[in-house]
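This is target04.cif. It holds mmCIF, C-alpha atoms.
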data_protein
#
loop_
_atom_site.group_PDB
_atom_site.id
_atom_site.type_symbol
_atom_site.label_atom_id
_atom_site.label_comp_id
_atom_site.auth_asym_id
_atom_site.auth_seq_id
_atom_site.Cartn_x
_atom_site.Cartn_y
_atom_site.Cartn_z
ATOM 1 C CA MET A 1 28.046 19.873 46.261
ATOM 2 C CA GLY A 2 24.394 19.051 46.810
ATOM 3 C CA VAL A 3 21.814 21.473 48.183
ATOM 4 C CA ALA A 4 23.537 24.825 48.647
ATOM 5 C CA PRO A 5 22.617 28.424 49.493
ATOM 6 C CA LEU A 6 21.530 30.621 46.602
ATOM 7 C CA THR A 7 24.364 33.047 47.338
ATOM 8 C CA GLU A 8 26.914 30.262 47.005
ATOM 9 C CA ILE A 9 25.408 29.038 43.749
ATOM 10 C CA LEU A 10 25.448 32.534 42.226
ATOM 11 C CA SER A 11 28.838 33.765 43.458
ATOM 12 C CA GLY A 12 30.846 31.980 40.754
ATOM 13 C CA PRO A 13 28.484 32.811 37.882
ATOM 14 C CA PHE A 14 28.360 36.485 38.868
ATOM 15 C CA ALA A 15 32.142 36.739 39.137
ATOM 16 C CA GLU A 16 32.845 34.789 35.948
ATOM 17 C CA ARG A 17 29.872 36.063 33.927
ATOM 18 C CA TYR A 18 27.889 32.950 33.237
ATOM 19 C CA ALA A 19 24.365 32.204 34.464
ATOM 20 C CA VAL A 20 22.437 29.503 36.264
ATOM 21 C CA PRO A 21 18.992 28.544 34.965
ATOM 22 C CA ALA A 22 16.233 29.099 37.522
ATOM 23 C CA ILE A 23 13.412 26.873 36.344
ATOM 24 C CA ASN A 24 9.859 26.876 37.662
ATOM 25 C CA VAL A 25 8.630 23.317 38.216
ATOM 26 C CA PHE A 26 5.021 22.371 38.892
ATOM 27 C CA ASP A 27 4.969 18.642 39.672
ATOM 28 C CA ASP A 28 7.173 15.669 40.511
ATOM 29 C CA LEU A 29 8.012 14.892 36.879
ATOM 30 C CA THR A 30 9.316 18.366 36.074
ATOM 31 C CA MET A 31 11.253 18.607 39.347
ATOM 32 C CA GLU A 32 12.941 15.257 38.777
ATOM 33 C CA ALA A 33 13.657 15.995 35.110
ATOM 34 C CA VAL A 34 15.382 19.340 35.648
ATOM 35 C CA LEU A 35 17.459 17.814 38.457
ATOM 36 C CA ALA A 36 18.390 14.929 36.145
ATOM 37 C CA ALA A 37 19.508 17.463 33.533
ATOM 38 C CA ALA A 38 21.690 19.218 36.113
ATOM 39 C CA VAL A 39 23.398 15.938 36.964
ATOM 40 C CA GLU A 40 23.786 15.016 33.295
ATOM 41 C CA GLN A 41 25.239 18.425 32.399
ATOM 42 C CA ARG A 42 27.285 18.819 35.607
ATOM 43 C CA SER A 43 25.574 22.161 36.062
ATOM 44 C CA PRO A 44 24.335 24.117 39.072
ATOM 45 C CA LEU A 45 20.571 24.626 39.103
ATOM 46 C CA ILE A 46 17.964 26.760 40.834
ATOM 47 C CA VAL A 47 14.635 24.958 41.168
ATOM 48 C CA GLN A 48 11.770 27.413 41.583
ATOM 49 C CA THR A 49 8.212 26.969 42.817
ATOM 50 C CA SER A 50 5.457 29.518 42.330
ATOM 51 C CA VAL A 51 2.964 30.452 45.018
ATOM 52 C CA LYS A 52 0.324 28.699 42.913
ATOM 53 C CA THR A 53 2.331 25.460 42.945
ATOM 54 C CA VAL A 54 2.969 25.692 46.691
ATOM 55 C CA LYS A 55 -0.747 26.112 47.326
ATOM 56 C CA SER A 56 -1.902 23.430 44.893
ATOM 57 C CA ILE A 57 0.537 20.700 45.950
ATOM 58 C CA GLY A 58 1.286 21.815 49.501
ATOM 59 C CA SER A 59 4.605 22.879 50.986
ATOM 60 C CA ASP A 60 4.991 19.623 52.949
ATOM 61 C CA VAL A 61 4.628 17.434 49.854
ATOM 62 C CA LEU A 62 6.779 19.710 47.693
ATOM 63 C CA TYR A 63 9.576 19.784 50.224
ATOM 64 C CA ALA A 64 9.378 16.015 50.740
ATOM 65 C CA MET A 65 9.753 15.612 46.961
ATOM 66 C CA TRP A 66 12.717 17.970 46.998
ATOM 67 C CA THR A 67 14.557 16.238 49.827
ATOM 68 C CA ALA A 68 13.979 12.789 48.312
ATOM 69 C CA MET A 69 15.119 13.832 44.834
ATOM 70 C CA THR A 70 18.205 15.727 45.991
ATOM 71 C CA ALA A 71 19.450 13.101 48.460
ATOM 72 C CA GLY A 72 23.017 12.315 47.430
ATOM 73 C CA ILE A 73 22.982 14.678 44.447
ATOM 74 C CA GLU A 74 26.493 15.725 43.452
ATOM 75 C CA VAL A 75 25.840 19.073 41.766
ATOM 76 C CA PRO A 76 24.919 22.334 43.533
ATOM 77 C CA VAL A 77 21.164 22.895 43.588
ATOM 78 C CA THR A 78 18.867 25.148 45.559
ATOM 79 C CA LEU A 79 15.110 25.546 46.141
ATOM 80 C CA HIS A 80 13.648 29.000 45.551
ATOM 81 C CA LEU A 81 10.170 30.465 46.075
ATOM 82 C CA ASP A 82 9.408 32.639 43.064
ATOM 83 C CA HIS A 83 7.344 35.883 42.968
ATOM 84 C CA CYS A 84 5.600 35.793 46.324
ATOM 85 C CA PRO A 85 3.675 38.845 47.543
ATOM 86 C CA GLU A 86 2.193 36.936 50.502
ATOM 87 C CA ARG A 87 4.221 37.166 53.696
ATOM 88 C CA GLU A 88 2.521 34.127 55.233
ATOM 89 C CA VAL A 89 3.556 31.925 52.301
ATOM 90 C CA ILE A 90 7.133 33.199 52.587
ATOM 91 C CA THR A 91 7.161 32.300 56.280
ATOM 92 C CA GLU A 92 5.662 28.871 55.554
ATOM 93 C CA CYS A 93 8.283 28.041 52.927
ATOM 94 C CA LEU A 94 11.196 29.335 54.994
ATOM 95 C CA ARG A 95 10.075 27.178 57.903
ATOM 96 C CA ARG A 96 9.793 24.126 55.629
ATOM 97 C CA GLY A 97 13.330 24.592 54.337
ATOM 98 C CA TRP A 98 13.264 26.608 51.103
ATOM 99 C CA ASN A 99 16.738 28.045 50.530
ATOM 100 C CA SER A 100 15.613 31.425 49.185
ATOM 101 C CA VAL A 101 12.548 33.521 48.409
ATOM 102 C CA LEU A 102 11.585 36.350 46.098
ATOM 103 C CA PHE A 103 9.498 38.764 48.104
ATOM 104 C CA ASP A 104 7.458 40.496 45.411
ATOM 105 C CA ALA A 105 6.269 43.750 46.945
ATOM 106 C CA SER A 106 6.561 45.591 43.644
ATOM 107 C CA LYS A 107 2.924 46.738 43.751
ATOM 108 C CA LEU A 108 3.577 48.642 46.979
ATOM 109 C CA PRO A 109 5.054 52.136 47.173
ATOM 110 C CA VAL A 110 8.852 51.890 47.171
ATOM 111 C CA GLU A 111 9.163 53.029 50.795
ATOM 112 C CA GLU A 112 6.742 50.343 52.029
ATOM 113 C CA ASN A 113 8.368 47.784 49.756
ATOM 114 C CA MET A 114 11.738 48.562 51.360
ATOM 115 C CA ARG A 115 10.334 48.455 54.882
ATOM 116 C CA GLN A 116 8.766 45.041 54.407
ATOM 117 C CA THR A 117 11.727 43.669 52.446
ATOM 118 C CA VAL A 118 14.003 44.556 55.365
ATOM 119 C CA GLU A 119 11.722 42.431 57.563
ATOM 120 C CA VAL A 120 11.747 39.536 55.101
ATOM 121 C CA VAL A 121 15.541 39.639 54.857
ATOM 122 C CA ALA A 122 15.808 39.468 58.654
ATOM 123 C CA GLU A 123 13.360 36.562 58.741
ATOM 124 C CA ALA A 124 15.209 34.697 56.005
ATOM 125 C CA ARG A 125 18.579 35.186 57.677
ATOM 126 C CA ALA A 126 17.222 33.425 60.770
ATOM 127 C CA TYR A 127 16.737 30.343 58.584
ATOM 128 C CA GLY A 128 20.019 30.733 56.710
ATOM 129 C CA ALA A 129 18.090 31.627 53.575
ATOM 130 C CA ALA A 130 18.575 34.287 50.901
ATOM 131 C CA VAL A 131 16.216 36.918 49.499
ATOM 132 C CA GLU A 132 15.657 38.243 45.990
ATOM 133 C CA GLY A 133 13.991 41.622 45.745
ATOM 134 C CA GLU A 134 12.435 43.907 43.156
ATOM 135 C CA ILE A 135 10.937 47.369 43.057
ATOM 136 C CA GLU A 136 9.132 47.224 39.714
ATOM 137 C CA SER A 137 6.601 44.707 38.453
ATOM 138 C CA ILE A 138 7.785 42.681 35.493
ATOM 139 C CA THR A 139 5.097 43.061 32.822
ATOM 140 C CA GLY A 140 2.899 39.988 32.374
ATOM 141 C CA VAL A 141 1.077 37.513 34.590
ATOM 142 C CA GLU A 142 2.749 34.271 35.670
ATOM 143 C CA ASP A 143 0.836 31.746 37.788
ATOM 144 C CA GLY A 144 -1.604 34.416 38.871
ATOM 145 C CA VAL A 145 1.027 36.951 39.971
ATOM 146 C CA GLY A 146 1.777 40.127 38.027
ATOM 147 C CA SER A 147 0.061 42.578 35.710
ATOM 148 C CA ASP A 148 -0.164 43.182 31.973
ATOM 149 C CA THR A 149 0.346 46.891 32.612
ATOM 150 C CA ALA A 150 3.940 48.031 32.210
ATOM 151 C CA ALA A 151 5.444 49.187 35.487
ATOM 152 C CA GLU A 152 7.014 52.594 35.970
ATOM 153 C CA GLN A 153 10.784 52.220 36.013
ATOM 154 C CA GLN A 154 12.462 53.682 39.065
ATOM 155 C CA THR A 155 15.630 55.758 38.858
ATOM 156 C CA LEU A 156 19.066 54.280 39.407
ATOM 157 C CA GLU A 157 19.284 56.212 42.683
ATOM 158 C CA VAL A 158 16.076 54.591 43.966
ATOM 159 C CA ALA A 159 17.293 51.127 42.958
ATOM 160 C CA LEU A 160 20.603 51.665 44.760
ATOM 161 C CA GLU A 161 18.849 52.946 47.880
ATOM 162 C CA PHE A 162 16.695 49.811 47.850
ATOM 163 C CA LEU A 163 19.770 47.587 47.595
ATOM 164 C CA ARG A 164 21.672 49.393 50.347
ATOM 165 C CA THR A 165 18.678 49.561 52.690
ATOM 166 C CA THR A 166 17.382 46.012 52.322
ATOM 167 C CA GLY A 167 20.571 44.011 51.820
ATOM 168 C CA VAL A 168 18.875 41.630 49.364
ATOM 169 C CA ASP A 169 21.142 38.989 47.872
ATOM 170 C CA VAL A 170 19.757 39.154 44.312
ATOM 171 C CA PHE A 171 18.008 41.972 42.485
ATOM 172 C CA ALA A 172 15.448 41.741 39.669
ATOM 173 C CA PRO A 173 15.163 45.049 37.776
ATOM 174 C CA ALA A 174 12.642 45.732 35.037
ATOM 175 C CA ILE A 175 14.524 46.197 31.766
ATOM 176 C CA GLY A 176 11.742 45.751 29.215
ATOM 177 C CA ASN A 177 11.440 42.021 29.914
ATOM 178 C CA ALA A 178 8.080 40.320 30.431
ATOM 179 C CA HIS A 179 6.535 37.169 31.821
ATOM 180 C CA GLY A 180 4.779 34.782 29.478
ATOM 181 C CA SER A 181 5.256 34.584 25.721
ATOM 182 C CA TYR A 182 6.530 37.693 23.971
ATOM 183 C CA LYS A 183 4.100 38.954 21.333
ATOM 184 C CA GLN A 184 6.960 40.795 19.625
ATOM 185 C CA ALA A 185 10.717 40.972 20.060
ATOM 186 C CA PRO A 186 11.405 42.852 23.322
ATOM 187 C CA VAL A 187 13.564 45.959 23.387
ATOM 188 C CA LEU A 188 15.725 45.562 26.472
ATOM 189 C CA ASP A 189 17.524 48.213 28.511
ATOM 190 C CA ALA A 190 20.698 46.190 28.993
ATOM 191 C CA GLN A 191 22.646 49.265 30.095
ATOM 192 C CA ARG A 192 20.524 49.423 33.255
ATOM 193 C CA VAL A 193 21.973 46.076 34.333
ATOM 194 C CA SER A 194 25.500 47.405 33.824
ATOM 195 C CA ASP A 195 24.753 50.630 35.708
ATOM 196 C CA ILE A 196 23.320 48.797 38.728
ATOM 197 C CA VAL A 197 26.138 46.251 38.879
ATOM 198 C CA ALA A 198 28.820 48.947 38.517
ATOM 199 C CA ALA A 199 27.378 50.965 41.396
ATOM 200 C CA HIS A 200 26.389 48.057 43.648
ATOM 201 C CA PRO A 201 27.816 44.664 42.642
ATOM 202 C CA VAL A 202 24.945 42.231 43.179
ATOM 203 C CA PRO A 203 23.812 39.239 41.094
ATOM 204 C CA ILE A 204 20.986 40.277 38.786
ATOM 205 C CA ALA A 205 17.992 38.016 38.154
ATOM 206 C CA LEU A 206 16.704 38.098 34.591
ATOM 207 C CA HIS A 207 12.970 37.433 34.634
ATOM 208 C CA GLY A 208 10.948 36.622 31.548
ATOM 209 C CA GLY A 209 13.733 34.564 30.018
ATOM 210 C CA SER A 210 11.448 32.414 27.882
ATOM 211 C CA GLY A 211 11.626 33.721 24.326
ATOM 212 C CA LEU A 212 14.738 35.903 24.429
ATOM 213 C CA SER A 213 17.331 35.422 21.706
ATOM 214 C CA ASP A 214 20.698 33.770 22.290
ATOM 215 C CA GLU A 215 22.358 37.141 21.652
ATOM 216 C CA GLN A 216 20.200 38.859 24.285
ATOM 217 C CA PHE A 217 20.991 36.155 26.808
ATOM 218 C CA HIS A 218 24.737 36.375 26.176
ATOM 219 C CA ASP A 219 24.739 40.174 26.394
ATOM 220 C CA LEU A 220 22.764 40.333 29.635
ATOM 221 C CA ILE A 221 24.743 37.521 31.255
ATOM 222 C CA SER A 222 27.987 39.324 30.401
ATOM 223 C CA ARG A 223 26.653 42.371 32.268
ATOM 224 C CA GLY A 224 25.843 40.504 35.499
ATOM 225 C CA CYS A 225 22.600 38.555 35.022
ATOM 226 C CA ALA A 226 23.686 35.443 36.900
ATOM 227 C CA LYS A 227 20.193 33.995 37.461
ATOM 228 C CA VAL A 228 17.908 33.458 34.459
ATOM 229 C CA ASN A 229 14.276 32.593 35.150
ATOM 230 C CA ILE A 230 12.543 30.099 32.876
ATOM 231 C CA SER A 231 8.877 29.232 33.379
ATOM 232 C CA THR A 232 6.749 29.614 30.265
ATOM 233 C CA ALA A 233 9.191 27.644 28.102
ATOM 234 C CA LEU A 234 8.956 24.637 30.426
ATOM 235 C CA LYS A 235 5.154 24.786 30.532
ATOM 236 C CA GLU A 236 4.984 24.926 26.753
ATOM 237 C CA LYS A 237 7.467 22.071 26.390
ATOM 238 C CA PHE A 238 5.522 19.951 28.884
ATOM 239 C CA MET A 239 2.155 20.569 27.224
ATOM 240 C CA LYS A 240 3.319 20.283 23.616
ATOM 241 C CA SER A 241 5.335 17.147 24.345
ATOM 242 C CA SER A 242 2.324 15.581 26.060
ATOM 243 C CA LEU A 243 0.032 16.577 23.191
ATOM 244 C CA ALA A 244 2.339 15.141 20.527
ATOM 245 C CA PHE A 245 2.642 11.844 22.404
ATOM 246 C CA LEU A 246 -1.107 11.586 22.983
ATOM 247 C CA GLU A 247 -1.907 12.304 19.340
ATOM 248 C CA THR A 248 0.389 9.447 18.331
ATOM 249 C CA ALA A 249 -1.120 7.225 21.017
ATOM 250 C CA ALA A 250 -4.603 7.970 19.677
ATOM 251 C CA GLU A 251 -3.560 7.056 16.146
ATOM 252 C CA ARG A 252 -2.071 3.764 17.345
ATOM 253 C CA GLN A 253 -4.724 3.169 20.010
ATOM 254 C CA LYS A 254 -1.962 2.411 22.516
ATOM 255 C CA TRP A 255 -2.475 3.910 25.947
ATOM 256 C CA ASP A 256 0.508 3.545 28.268
ATOM 257 C CA PRO A 257 0.949 6.361 30.817
ATOM 258 C CA PRO A 258 4.517 5.369 31.838
ATOM 259 C CA SER A 259 5.591 5.770 28.202
ATOM 260 C CA LEU A 260 4.022 9.224 28.163
ATOM 261 C CA PHE A 261 5.891 10.210 31.303
ATOM 262 C CA ARG A 262 9.217 8.929 29.936
ATOM 263 C CA SER A 263 8.767 10.831 26.699
ATOM 264 C CA VAL A 264 7.850 14.125 28.355
ATOM 265 C CA ARG A 265 10.620 13.702 30.933
ATOM 266 C CA GLN A 266 13.229 13.314 28.206
ATOM 267 C CA ASP A 267 11.990 16.401 26.379
ATOM 268 C CA VAL A 268 12.235 18.431 29.606
ATOM 269 C CA ILE A 269 15.750 17.098 30.238
ATOM 270 C CA ASP A 270 16.821 18.011 26.702
ATOM 271 C CA MET A 271 15.384 21.527 26.958
ATOM 272 C CA THR A 272 17.019 22.137 30.342
ATOM 273 C CA GLY A 273 20.347 20.829 29.128
ATOM 274 C CA SER A 274 20.231 23.170 26.137
ATOM 275 C CA LEU A 275 19.662 26.136 28.455
ATOM 276 C CA MET A 276 22.599 25.115 30.634
ATOM 277 C CA THR A 277 24.842 25.030 27.584
ATOM 278 C CA LEU A 278 23.513 28.385 26.349
ATOM 279 C CA PHE A 279 23.966 30.085 29.726
ATOM 280 C CA GLY A 280 27.463 28.643 30.213
ATOM 281 C CA SER A 281 26.680 26.673 33.381
ATOM 282 C CA ALA A 282 27.142 23.195 31.859
ATOM 283 C CA GLY A 283 30.255 21.524 33.217
ATOM 284 C CA ARG A 284 30.746 24.125 35.967
ATOM 285 C CA ALA A 285 29.984 21.640 38.752
ATOM 286 C CA GLY A 286 33.249 19.815 38.118
#
Written form, structure tokens:
Amino acid sequence: MGVAPLTEILSGPFAERYAVPAINVFDDLTMEAVLAAAVEQRSPLIVQTSVKTVKSIGSDVLYAMWTAMTAGIEVPVTLHLDHCPEREVITECLRRGWNSVLFDASKLPVEENMRQTVEVVAEARAYGAAVEGEIESITGVEDGVGSDTAAEQQTLEVALEFLRTTGVDVFAPAIGNAHGSYKQAPVLDAQRVSDIVAAHPVPIALHGGSGLSDEQFHDLISRGCAKVNISTALKEKFMKSSLAFLETAAERQKWDPPSLFRSVRQDVIDMTGSLMTLFGSAGRAG
């Protein structure tokens, strides 16, 4: 229980075909709220920070928040650095105590991506940390990382060579998913998840989870997507909840920031709890 390695948190979900929400937080309120939801739902949780959040708040402050908020926590949680193409930021976060990192070298040629990912895996192992890897950019920009241009999908053979060569703990393939809000219902290549897992059993990270249907989630999780990334949905919930509260406050001419924070916090807790139920992780922490 408590702060645990990413590999430990994902081993059960991958074997039993449920998934753990991996939620990008961006301040103290969202970090505390998603952790509160994990405790309330008795669910494991992956708390993610973007490079943008690390740079805007600072790794020292973020990690101090994390250690304070997880002290004595009784459900398995882990701190993950999401989509990071910058090696110096990866090193900084590993040194501070992040439990895992996603080295995003998807814009590099596959051979150079593999070479550098091997180095990152070795670096992470020295800190007892895990590594998520990818060879294709997920369409869409999230916190300044990514591209709106669809990436070329690599062959199964290339994906398997990447997995065997690098030894990454989690793999994030492009399957027609996208960061941000979907402008139309995505057509997903779910069979690619099955093919990868059958040939090289490794937990799959589903990126661009915000906006997928319940049926798509259930199908992909049943195929081996044990880590489901949620970022845009939390941002939208945070902003819309704040806006609704402030509009009411303006009508009543009552301005009480703590009430705003409590209201938004509860909405974030409710959203996170719903995801845990949907993904099958609620109640899995005992």
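Once the PyMOL selection byres ((chain A and resi 206) around 10) is applied to this file, the selection holds Ala19, Pro21, Ala22, Phe171, Ala172, Pro173, Ala174, Ile175, Asn177, Ala178, Val193, Pro203, Ile204, Ala205, His207, Gly208, Gly209, Phe217, Leu220, Ile221, Gly224, Cys225, Ala226, Lys227, Val228, Asn229 and Ile230 of chain A.
Taking atom CA of A:Arg223 as the reference point, atom CA of A:Ser106 is found at 23.3 Å.
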Would you write out, as a tab-separated table, a table of all residues in stretch 90-178 of chain A that have an atom no more than 7 Å from an atom of stretch 5-9 of chain A, listing for each the closest atom pair and the distance in Å to one decimal, considering only C-alpha atoms and ordering rows by chain and rising residue number?
residue	atom	partner	partner_atom	distance
A:Asn99	CA	A:Pro5	CA	6.0
A:Ser100	CA	A:Leu6	CA	6.5
A:Ala129	CA	A:Pro5	CA	6.9
A:Ala130	CA	A:Leu6	CA	6.4
A:Asp169	CA	A:Thr7	CA	6.8
Saved selection, atoms kept: C-alpha atoms, as a PDB file, keeping the file's coordinate frame:
ATOM      1  CA  ASN A  99      16.738  28.045  50.530  1.00  0.00           C
ATOM      2  CA  SER A 100      15.613  31.425  49.185  1.00  0.00           C
ATOM      3  CA  ALA A 129      18.090  31.627  53.575  1.00  0.00           C
ATOM      4  CA  ALA A 130      18.575  34.287  50.901  1.00  0.00           C
ATOM      5  CA  ASP A 169      21.142  38.989  47.872  1.00  0.00           C
TER       6      ASP A 169
END
Practice item. Quick one: everything within 12 Å of A:Thr165, counting all atoms listed in the file, minus sequence neighbours fewer than 5 positions away in the same chain. Send it as a ChimeraX atom specification. Key: /A:110-119,121,133,158-160,200
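This file gives the following result for the PyMOL selection byres ((chain A and resi 268) around 8): Thr30, Ala33, Val34, Leu234, Lys237, Phe238, Val264, Arg265, Gln266, Asp267, Ile269, Asp270, Met271 and Thr272 of chain A.
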Keeping only C-alpha atoms, take the residues you just selected and write them out as an mmCIF file, in the coordinates of the input.
data_model
loop_
_atom_site.group_PDB
_atom_site.id
_atom_site.type_symbol
_atom_site.label_atom_id
_atom_site.label_comp_id
_atom_site.auth_asym_id
_atom_site.auth_seq_id
_atom_site.Cartn_x
_atom_site.Cartn_y
_atom_site.Cartn_z
ATOM 1 C CA THR A 30 9.316 18.366 36.074
ATOM 2 C CA ALA A 33 13.657 15.995 35.110
ATOM 3 C CA VAL A 34 15.382 19.340 35.648
ATOM 4 C CA LEU A 234 8.956 24.637 30.426
ATOM 5 C CA LYS A 237 7.467 22.071 26.390
ATOM 6 C CA PHE A 238 5.522 19.951 28.884
ATOM 7 C CA VAL A 264 7.850 14.125 28.355
ATOM 8 C CA ARG A 265 10.620 13.702 30.933
ATOM 9 C CA GLN A 266 13.229 13.314 28.206
ATOM 10 C CA ASP A 267 11.990 16.401 26.379
ATOM 11 C CA ILE A 269 15.750 17.098 30.238
ATOM 12 C CA ASP A 270 16.821 18.011 26.702
ATOM 13 C CA MET A 271 15.384 21.527 26.958
ATOM 14 C CA THR A 272 17.019 22.137 30.342
#
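Using only C-alpha atoms for every distance, the candidate list A:Ala4, A:Val101, A:Ala15, A:Ile135 yields A:Ala4 as the residue closest to A:Thr70.
Between atom CA of A:Leu278 and atom CA of A:Asp214 there is a distance of 7.3 Å.
The smallest atom-to-atom distance between A:Glu86 and any of A:Ala71, A:Val51, A:Leu108, A:Val61, using all atoms listed in the file, is found for A:Val51.
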**Study point:** Length of the atom CA of A:Met276 to atom CA of A:Arg42 vector [Å]
**Key:** 9.3 Å
Practice item. Name the residues captured by the PyMOL selection byres ((chain A and resi 80-82) around 8) when it is applied to the shown file; answer as number ranges by chain. Key: A: 24, 46-51, 78-79, 83-84, 90, 93, 98-103
**Study point:** Minimum-distance residue to A:Leu62, chosen among A:Leu212, A:Leu45, A:Ala244, A:Met31 (using only C-alpha atoms)
**Key:** A:Met31
Point to revise | Shortest interatomic distance to A:Arg125 - which of A:Lys235, A:Lys240, A:Arg95, A:Lys107, counting only C-alpha atoms | key: A:Arg95
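Among the candidates A:Gly97, A:Phe162, A:Leu156, A:Gly273, the residue lying nearest to A:Ser194 is A:Leu156 (atoms considered: all atoms listed in the file).
Distances from A:Pro258, A:Pro76, A:Glu157, A:Ala233 to A:Gly12 were compared using all atoms listed in the file, and the smallest one belongs to A:Pro76.
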